[in-house]
Amino acid sequence: MLWDDALWQEIEPWMIDLRRQIHRRPELGLETPETQHLVEETLDRLNIPHTRPIAYGVKAVLGSDKPGPALLLRADMDALPILEDNNLPFKSEISGRMHACGHDCHTAMLLAAARYLKAHEESLAHPVVLMFQPGEEGPGGAMPMIEAGVLDDPPVARAAMVHVSSELPYGVIGLREGPSMGACDDFTLTILGRGGHGSTPHVGVDAIYVAAVLVETLQGVVSREQDPFDPLVISIGTIHGGFRENVIADRVEMTGTIRTMTPRSRERAVRRLREVVEGVTATLGARAELTVDPGYPPFVSDIPWSRQVKAILSRALGAQRVREIEPTLGVEDFAYVAERVPALCLNVGIVGDHFTTGLHSAGLIVDERGLKAGAVALTAVALEG
């Protein structure tokens, strides 16, 4: 495949400008009207037809006249409720919102790939579907777009997503074969004890003590019951309870998350959470109210498809810039796509000279030199996959 280097020289600064426009105006969840408008306006300028499968999602199709099933490329568009803490000239203009997970980069990279592919549309061997999705950070936009037919017309046979990585240097693409990302089950737990005076703890049921025993016991599920070669994490994220130093707390509210890599471990971990909560609270004379919110399933990268893409990217970028990476217990709702068609994630390195912190951080600074590698990777997969 011969690359149009002159076109990439035009696309790269254009892509970075798009990323900065998106970064200035972060939007949350499924409500991404400004970002959707920018995407649709850009696709219109590129003369790429598009539709709205859901309120703020965008589906575009290149090479619709080509034979065979389609390849889908996906970028997410939503930001996080984080107050940005840096001095970038294009930092967030909306207080308490920030593109701290790189979705601004994802959208810009996919638009850059779209521009290149449109200029070379005659070289496509099959249709290419572009999926611009809101709500990846929650409540989840992939499933609504699937239910609205994003995989159906034209029928999608393979898929790839792009995600920036704060573990890789800029210019490098990371791939993973097989289990790649975890499943997530969040929970809310209220412990109901019996209040009293701090001088007579035997008269009450101390909800804080019960909470402490629960935290320790749940960590025992991880360290003493789980196969160490089958990852499991149970994290308590918040604990709130008590009134003052000399009052036995009658109520503690806790939230947490369970992360697993396999359906079997996922089912067992949730079951053991319920059993431990019931057992500990009953033993210590308290009551509990537990709600489990099932999250995204495990993301399993198709092995043959991953190997094919690795070969494609080694030719396009050079073998030294394509790496096998470790799995993560981070979650991704593109897993719903991967349950239906062979799929994978292109992890785009963004670590450079001014890198400070990882993703989901208020101080994240992306090395924008990495965006071209991501856009080239998406383009190569579309042209050769």
# chains A, B, ... in the order shown; residues from 1 in each chain; ligands from 1
$ residues_around --residues "Thr190 (chain A)" --least-positions-apart "4" --cutoff "12 Å" --atoms "only C-alpha atoms" --output "PDB file with N, CA and C atoms, in the first residue's frame"
ATOM      1  N   ALA A 207     -22.277   0.411  63.119  1.00  0.00           N
ATOM      2  CA  ALA A 207     -22.259   0.225  61.661  1.00  0.00           C
ATOM      3  C   ALA A 207     -20.864   0.453  61.088  1.00  0.00           C
ATOM      4  N   ILE A 208     -20.062   1.306  61.726  1.00  0.00           N
ATOM      5  CA  ILE A 208     -18.702   1.536  61.229  1.00  0.00           C
ATOM      6  C   ILE A 208     -17.838   0.297  61.438  1.00  0.00           C
ATOM      7  N   VAL A 210     -18.955  -2.786  61.594  1.00  0.00           N
ATOM      8  CA  VAL A 210     -19.442  -3.763  60.615  1.00  0.00           C
ATOM      9  C   VAL A 210     -18.852  -3.470  59.235  1.00  0.00           C
ATOM     10  N   ALA A 211     -18.805  -2.195  58.860  1.00  0.00           N
ATOM     11  CA  ALA A 211     -18.226  -1.814  57.571  1.00  0.00           C
ATOM     12  C   ALA A 211     -16.757  -2.213  57.490  1.00  0.00           C
ATOM     13  N   LEU A 214     -16.461  -5.886  56.923  1.00  0.00           N
ATOM     14  CA  LEU A 214     -16.842  -6.193  55.540  1.00  0.00           C
ATOM     15  C   LEU A 214     -15.705  -5.888  54.570  1.00  0.00           C
ATOM     16  N   THR A 238     -16.103   4.506  48.317  1.00  0.00           N
ATOM     17  CA  THR A 238     -16.552   5.526  49.278  1.00  0.00           C
ATOM     18  C   THR A 238     -17.127   4.856  50.514  1.00  0.00           C
ATOM     19  N   ILE A 239     -16.940   5.502  51.649  1.00  0.00           N
ATOM     20  CA  ILE A 239     -17.574   5.111  52.907  1.00  0.00           C
ATOM     21  C   ILE A 239     -18.017   6.395  53.614  1.00  0.00           C
ATOM     22  N   HIS A 240     -19.285   6.443  53.958  1.00  0.00           N
ATOM     23  CA  HIS A 240     -19.816   7.609  54.671  1.00  0.00           C
ATOM     24  C   HIS A 240     -20.663   7.126  55.839  1.00  0.00           C
ATOM     25  N   GLY A 241     -20.371   7.650  57.038  1.00  0.00           N
ATOM     26  CA  GLY A 241     -21.175   7.265  58.184  1.00  0.00           C
ATOM     27  C   GLY A 241     -20.735   7.988  59.440  1.00  0.00           C
ATOM     28  N   ASP A 250     -25.219   4.495  63.466  1.00  0.00           N
ATOM     29  CA  ASP A 250     -26.275   3.519  63.171  1.00  0.00           C
ATOM     30  C   ASP A 250     -26.420   3.244  61.677  1.00  0.00           C
ATOM     31  N   ARG A 251     -25.617   3.934  60.858  1.00  0.00           N
ATOM     32  CA  ARG A 251     -25.780   3.777  59.407  1.00  0.00           C
ATOM     33  C   ARG A 251     -24.463   4.110  58.710  1.00  0.00           C
ATOM     34  N   VAL A 252     -24.065   3.279  57.781  1.00  0.00           N
ATOM     35  CA  VAL A 252     -22.904   3.547  56.932  1.00  0.00           C
ATOM     36  C   VAL A 252     -23.287   3.246  55.490  1.00  0.00           C
ATOM     37  N   GLU A 253     -22.951   4.158  54.605  1.00  0.00           N
ATOM     38  CA  GLU A 253     -23.203   3.967  53.173  1.00  0.00           C
ATOM     39  C   GLU A 253     -21.875   3.777  52.461  1.00  0.00           C
ATOM     40  N   MET A 254     -21.791   2.755  51.633  1.00  0.00           N
ATOM     41  CA  MET A 254     -20.565   2.406  50.927  1.00  0.00           C
ATOM     42  C   MET A 254     -20.865   2.200  49.445  1.00  0.00           C
ATOM     43  N   THR A 255     -19.889   2.498  48.620  1.00  0.00           N
ATOM     44  CA  THR A 255     -19.973   2.145  47.200  1.00  0.00           C
ATOM     45  C   THR A 255     -18.678   1.460  46.797  1.00  0.00           C
ATOM     46  N   GLY A 256     -18.770   0.620  45.787  1.00  0.00           N
ATOM     47  CA  GLY A 256     -17.578  -0.090  45.330  1.00  0.00           C
ATOM     48  C   GLY A 256     -17.744  -0.633  43.932  1.00  0.00           C
ATOM     49  N   VAL A 277     -21.810 -10.079  52.513  1.00  0.00           N
ATOM     50  CA  VAL A 277     -22.596  -9.006  53.122  1.00  0.00           C
ATOM     51  C   VAL A 277     -23.664  -9.585  54.042  1.00  0.00           C
ATOM     52  N   GLU A 278     -24.374 -10.583  53.568  1.00  0.00           N
ATOM     53  CA  GLU A 278     -25.426 -11.191  54.383  1.00  0.00           C
ATOM     54  C   GLU A 278     -24.840 -11.859  55.628  1.00  0.00           C
ATOM     55  N   THR A 281     -23.113  -9.141  58.244  1.00  0.00           N
ATOM     56  CA  THR A 281     -24.087  -8.279  58.918  1.00  0.00           C
ATOM     57  C   THR A 281     -24.961  -9.089  59.866  1.00  0.00           C
ATOM     58  N   ALA A 286     -26.336  -6.588  62.486  1.00  0.00           N
ATOM     59  CA  ALA A 286     -26.759  -5.463  61.644  1.00  0.00           C
ATOM     60  C   ALA A 286     -27.637  -5.959  60.503  1.00  0.00           C
ATOM     61  N   ARG A 287     -28.111  -5.036  59.724  1.00  0.00           N
ATOM     62  CA  ARG A 287     -28.841  -5.352  58.493  1.00  0.00           C
ATOM     63  C   ARG A 287     -28.151  -4.651  57.330  1.00  0.00           C
ATOM     64  N   ALA A 288     -28.431  -5.098  56.107  1.00  0.00           N
ATOM     65  CA  ALA A 288     -27.778  -4.502  54.945  1.00  0.00           C
ATOM     66  C   ALA A 288     -28.764  -4.354  53.796  1.00  0.00           C
ATOM     67  N   GLU A 289     -28.573  -3.308  53.041  1.00  0.00           N
ATOM     68  CA  GLU A 289     -29.292  -3.097  51.778  1.00  0.00           C
ATOM     69  C   GLU A 289     -28.247  -2.998  50.682  1.00  0.00           C
ATOM     70  N   LEU A 290     -28.252  -3.970  49.772  1.00  0.00           N
ATOM     71  CA  LEU A 290     -27.223  -4.078  48.734  1.00  0.00           C
ATOM     72  C   LEU A 290     -27.867  -3.990  47.365  1.00  0.00           C
ATOM     73  N   THR A 291     -27.330  -3.114  46.536  1.00  0.00           N
ATOM     74  CA  THR A 291     -27.766  -3.005  45.144  1.00  0.00           C
ATOM     75  C   THR A 291     -26.541  -3.173  44.242  1.00  0.00           C
ATOM     76  N   VAL A 292     -26.621  -4.094  43.300  1.00  0.00           N
ATOM     77  CA  VAL A 292     -25.538  -4.324  42.341  1.00  0.00           C
ATOM     78  C   VAL A 292     -25.989  -3.835  40.974  1.00  0.00           C
TER      79      VAL A 292
END
$ closest_atom_pairs --of "region 229-277 of chain A" --to "region 316-327 of chain A" --cutoff "12 Å" --atoms "only C-alpha atoms" --output "JSON lines"
{"residue": "A:Asp230", "atom": "CA", "partner": "A:Pro327", "partner_atom": "CA", "distance": 11.5}
{"residue": "A:Pro231", "atom": "CA", "partner": "A:Pro327", "partner_atom": "CA", "distance": 10.0}
{"residue": "A:Thr260", "atom": "CA", "partner": "A:Pro327", "partner_atom": "CA", "distance": 11.2}
{"residue": "A:Met261", "atom": "CA", "partner": "A:Pro327", "partner_atom": "CA", "distance": 9.0}
$ write_last_selection --atoms "C-alpha atoms" --output "mmCIF file, in the first residue's frame"
data_model
loop_
_atom_site.group_PDB
_atom_site.id
_atom_site.type_symbol
_atom_site.label_atom_id
_atom_site.label_comp_id
_atom_site.auth_asym_id
_atom_site.auth_seq_id
_atom_site.Cartn_x
_atom_site.Cartn_y
_atom_site.Cartn_z
ATOM 1 C CA ASP A 230 -7.741 -15.251 36.969
ATOM 2 C CA PRO A 231 -7.839 -11.543 37.903
ATOM 3 C CA THR A 260 -13.208 -9.453 36.480
ATOM 4 C CA MET A 261 -11.916 -10.886 33.195
#
$ atom_distance --atom1 "CA of Phe229 (chain A)" --atom2 "CA of Pro179 (chain A)"
12.7 Å
$ closest_residue --among "A:His354, A:Ile234, A:Leu38, A:Thr188" --to "Leu111 (chain A)" --atoms "only C-alpha atoms"
A:Leu38
$ residues_around --residues "region 77-82 of chain A" --least-positions-apart "3" --cutoff "8 Å" --atoms "only C-alpha atoms" --output "short mmCIF file (atom, residue, chain, number, x, y, z; two decimals) with N, CA and C atoms, in the first residue's frame"
data_model
loop_
_atom_site.label_atom_id
_atom_site.label_comp_id
_atom_site.auth_asym_id
_atom_site.auth_seq_id
_atom_site.Cartn_x
_atom_site.Cartn_y
_atom_site.Cartn_z
N PRO A 26 -16.13 20.05 26.37
CA PRO A 26 -16.43 18.67 26.78
C PRO A 26 -17.90 18.49 27.15
N GLU A 27 -18.44 17.33 26.78
CA GLU A 27 -19.83 17.01 27.08
C GLU A 27 -19.88 15.64 27.75
N LEU A 28 -20.91 15.40 28.54
CA LEU A 28 -20.97 14.21 29.38
C LEU A 28 -22.04 13.23 28.90
N GLY A 29 -21.76 11.95 29.13
CA GLY A 29 -22.75 10.91 28.94
C GLY A 29 -23.28 10.84 27.52
N LEU A 30 -24.59 10.66 27.44
CA LEU A 30 -25.25 10.53 26.13
C LEU A 30 -25.62 11.89 25.53
N THR A 32 -24.28 14.79 23.93
CA THR A 32 -23.10 15.36 23.26
C THR A 32 -23.49 16.14 22.00
N THR A 35 -20.52 18.21 20.15
CA THR A 35 -19.56 17.32 19.50
C THR A 35 -20.19 16.65 18.30
N GLY A 96 -15.60 21.91 35.58
CA GLY A 96 -16.03 20.61 36.08
C GLY A 96 -16.18 19.55 35.02
N ARG A 97 -15.77 19.86 33.80
CA ARG A 97 -15.80 18.87 32.72
C ARG A 97 -14.45 18.87 32.00
N MET A 98 -14.01 17.68 31.61
CA MET A 98 -12.70 17.58 30.95
C MET A 98 -12.63 16.31 30.11
N HIS A 99 -11.97 16.41 28.98
CA HIS A 99 -11.64 15.22 28.20
C HIS A 99 -10.39 14.59 28.79
N ALA A 100 -10.59 13.90 29.92
CA ALA A 100 -9.47 13.31 30.65
C ALA A 100 -9.20 11.87 30.26
N CYS A 101 -10.01 11.33 29.34
CA CYS A 101 -9.79 9.96 28.88
C CYS A 101 -9.45 9.90 27.40
N HIS A 103 -11.14 10.98 24.67
CA HIS A 103 -12.16 10.78 23.64
C HIS A 103 -12.14 11.89 22.60
N ASP A 104 -11.66 13.07 22.98
CA ASP A 104 -11.47 14.12 21.99
C ASP A 104 -10.46 13.67 20.93
N HIS A 106 -9.82 10.49 20.16
CA HIS A 106 -10.42 9.40 19.40
C HIS A 106 -11.26 9.94 18.25
N THR A 107 -12.11 10.91 18.56
CA THR A 107 -12.98 11.48 17.53
C THR A 107 -12.17 12.15 16.43
N PHE A 132 -19.47 7.08 15.62
CA PHE A 132 -19.14 8.12 16.59
C PHE A 132 -20.15 8.00 17.73
N GLN A 133 -19.67 7.58 18.89
CA GLN A 133 -20.55 7.13 19.96
C GLN A 133 -20.48 8.03 21.20
N PRO A 134 -21.62 8.42 21.75
CA PRO A 134 -21.63 9.11 23.05
C PRO A 134 -21.67 8.09 24.18
N GLY A 135 -21.49 8.56 25.41
CA GLY A 135 -21.82 7.79 26.58
C GLY A 135 -20.93 6.62 26.95
N GLU A 136 -19.71 6.53 26.43
CA GLU A 136 -18.88 5.37 26.79
C GLU A 136 -18.55 5.37 28.28
N GLU A 137 -18.33 6.55 28.85
CA GLU A 137 -18.02 6.63 30.28
C GLU A 137 -19.24 6.33 31.14
N HIS A 360 -7.90 9.73 33.05
CA HIS A 360 -8.86 10.06 34.11
C HIS A 360 -8.22 10.95 35.17
N SER A 361 -7.29 11.75 34.77
CA SER A 361 -6.61 12.66 35.70
C SER A 361 -6.81 14.10 35.25
N ALA A 362 -6.95 15.00 36.23
CA ALA A 362 -7.16 16.42 35.94
C ALA A 362 -5.96 17.05 35.27
#
$ select_by_dssp --residues "region 252-343 of chain A" --states "strand (DSSP E)" --output "ChimeraX atom specification"
/A:252-260,287-294,299-301,322-324,343
$ write_last_selection --atoms "C-alpha atoms" --output "short mmCIF file (atom, residue, chain, number, x, y, z; two decimals), in the first residue's frame"
data_model
loop_
_atom_site.label_atom_id
_atom_site.label_comp_id
_atom_site.auth_asym_id
_atom_site.auth_seq_id
_atom_site.Cartn_x
_atom_site.Cartn_y
_atom_site.Cartn_z
CA VAL A 252 -22.90 3.55 56.93
CA GLU A 253 -23.20 3.97 53.17
CA MET A 254 -20.56 2.41 50.93
CA THR A 255 -19.97 2.14 47.20
CA GLY A 256 -17.58 -0.09 45.33
CA THR A 257 -16.72 -1.87 42.13
CA ILE A 258 -15.95 -5.44 41.09
CA ARG A 259 -13.63 -6.04 38.13
CA THR A 260 -13.21 -9.45 36.48
CA ARG A 287 -28.84 -5.35 58.49
CA ALA A 288 -27.78 -4.50 54.94
CA GLU A 289 -29.29 -3.10 51.78
CA LEU A 290 -27.22 -4.08 48.73
CA THR A 291 -27.77 -3.01 45.14
CA VAL A 292 -25.54 -4.32 42.34
CA ASP A 293 -25.48 -2.41 39.05
CA PRO A 294 -24.24 -4.72 36.26
CA PHE A 299 -13.84 -7.23 26.14
CA VAL A 300 -12.25 -10.13 24.28
CA SER A 301 -10.17 -9.25 21.21
CA VAL A 322 3.56 -2.19 17.07
CA ARG A 323 3.58 -3.86 20.50
CA GLU A 324 1.74 -6.60 22.32
CA ALA A 343 -13.21 -6.84 17.23
#
$ residues_around --residues "Gly363 (chain A)" --least-positions-apart "6" --cutoff "7 Å" --atoms "only C-alpha atoms" --output "list in words"
Glu84, Asp85, Asn86, Thr356 and Thr357 of chain A
$ write_last_selection --atoms "C-alpha atoms" --output "PDB file, in the first residue's frame"
ATOM      1  CA  GLU A  84      -9.102  20.348  34.369  1.00  0.00           C
ATOM      2  CA  ASP A  85      -5.842  21.307  36.083  1.00  0.00           C
ATOM      3  CA  ASN A  86      -3.273  22.474  33.544  1.00  0.00           C
ATOM      4  CA  THR A 356       2.452  14.282  33.657  1.00  0.00           C
ATOM      5  CA  THR A 357      -0.301  11.860  34.714  1.00  0.00           C
TER       6      THR A 357
END
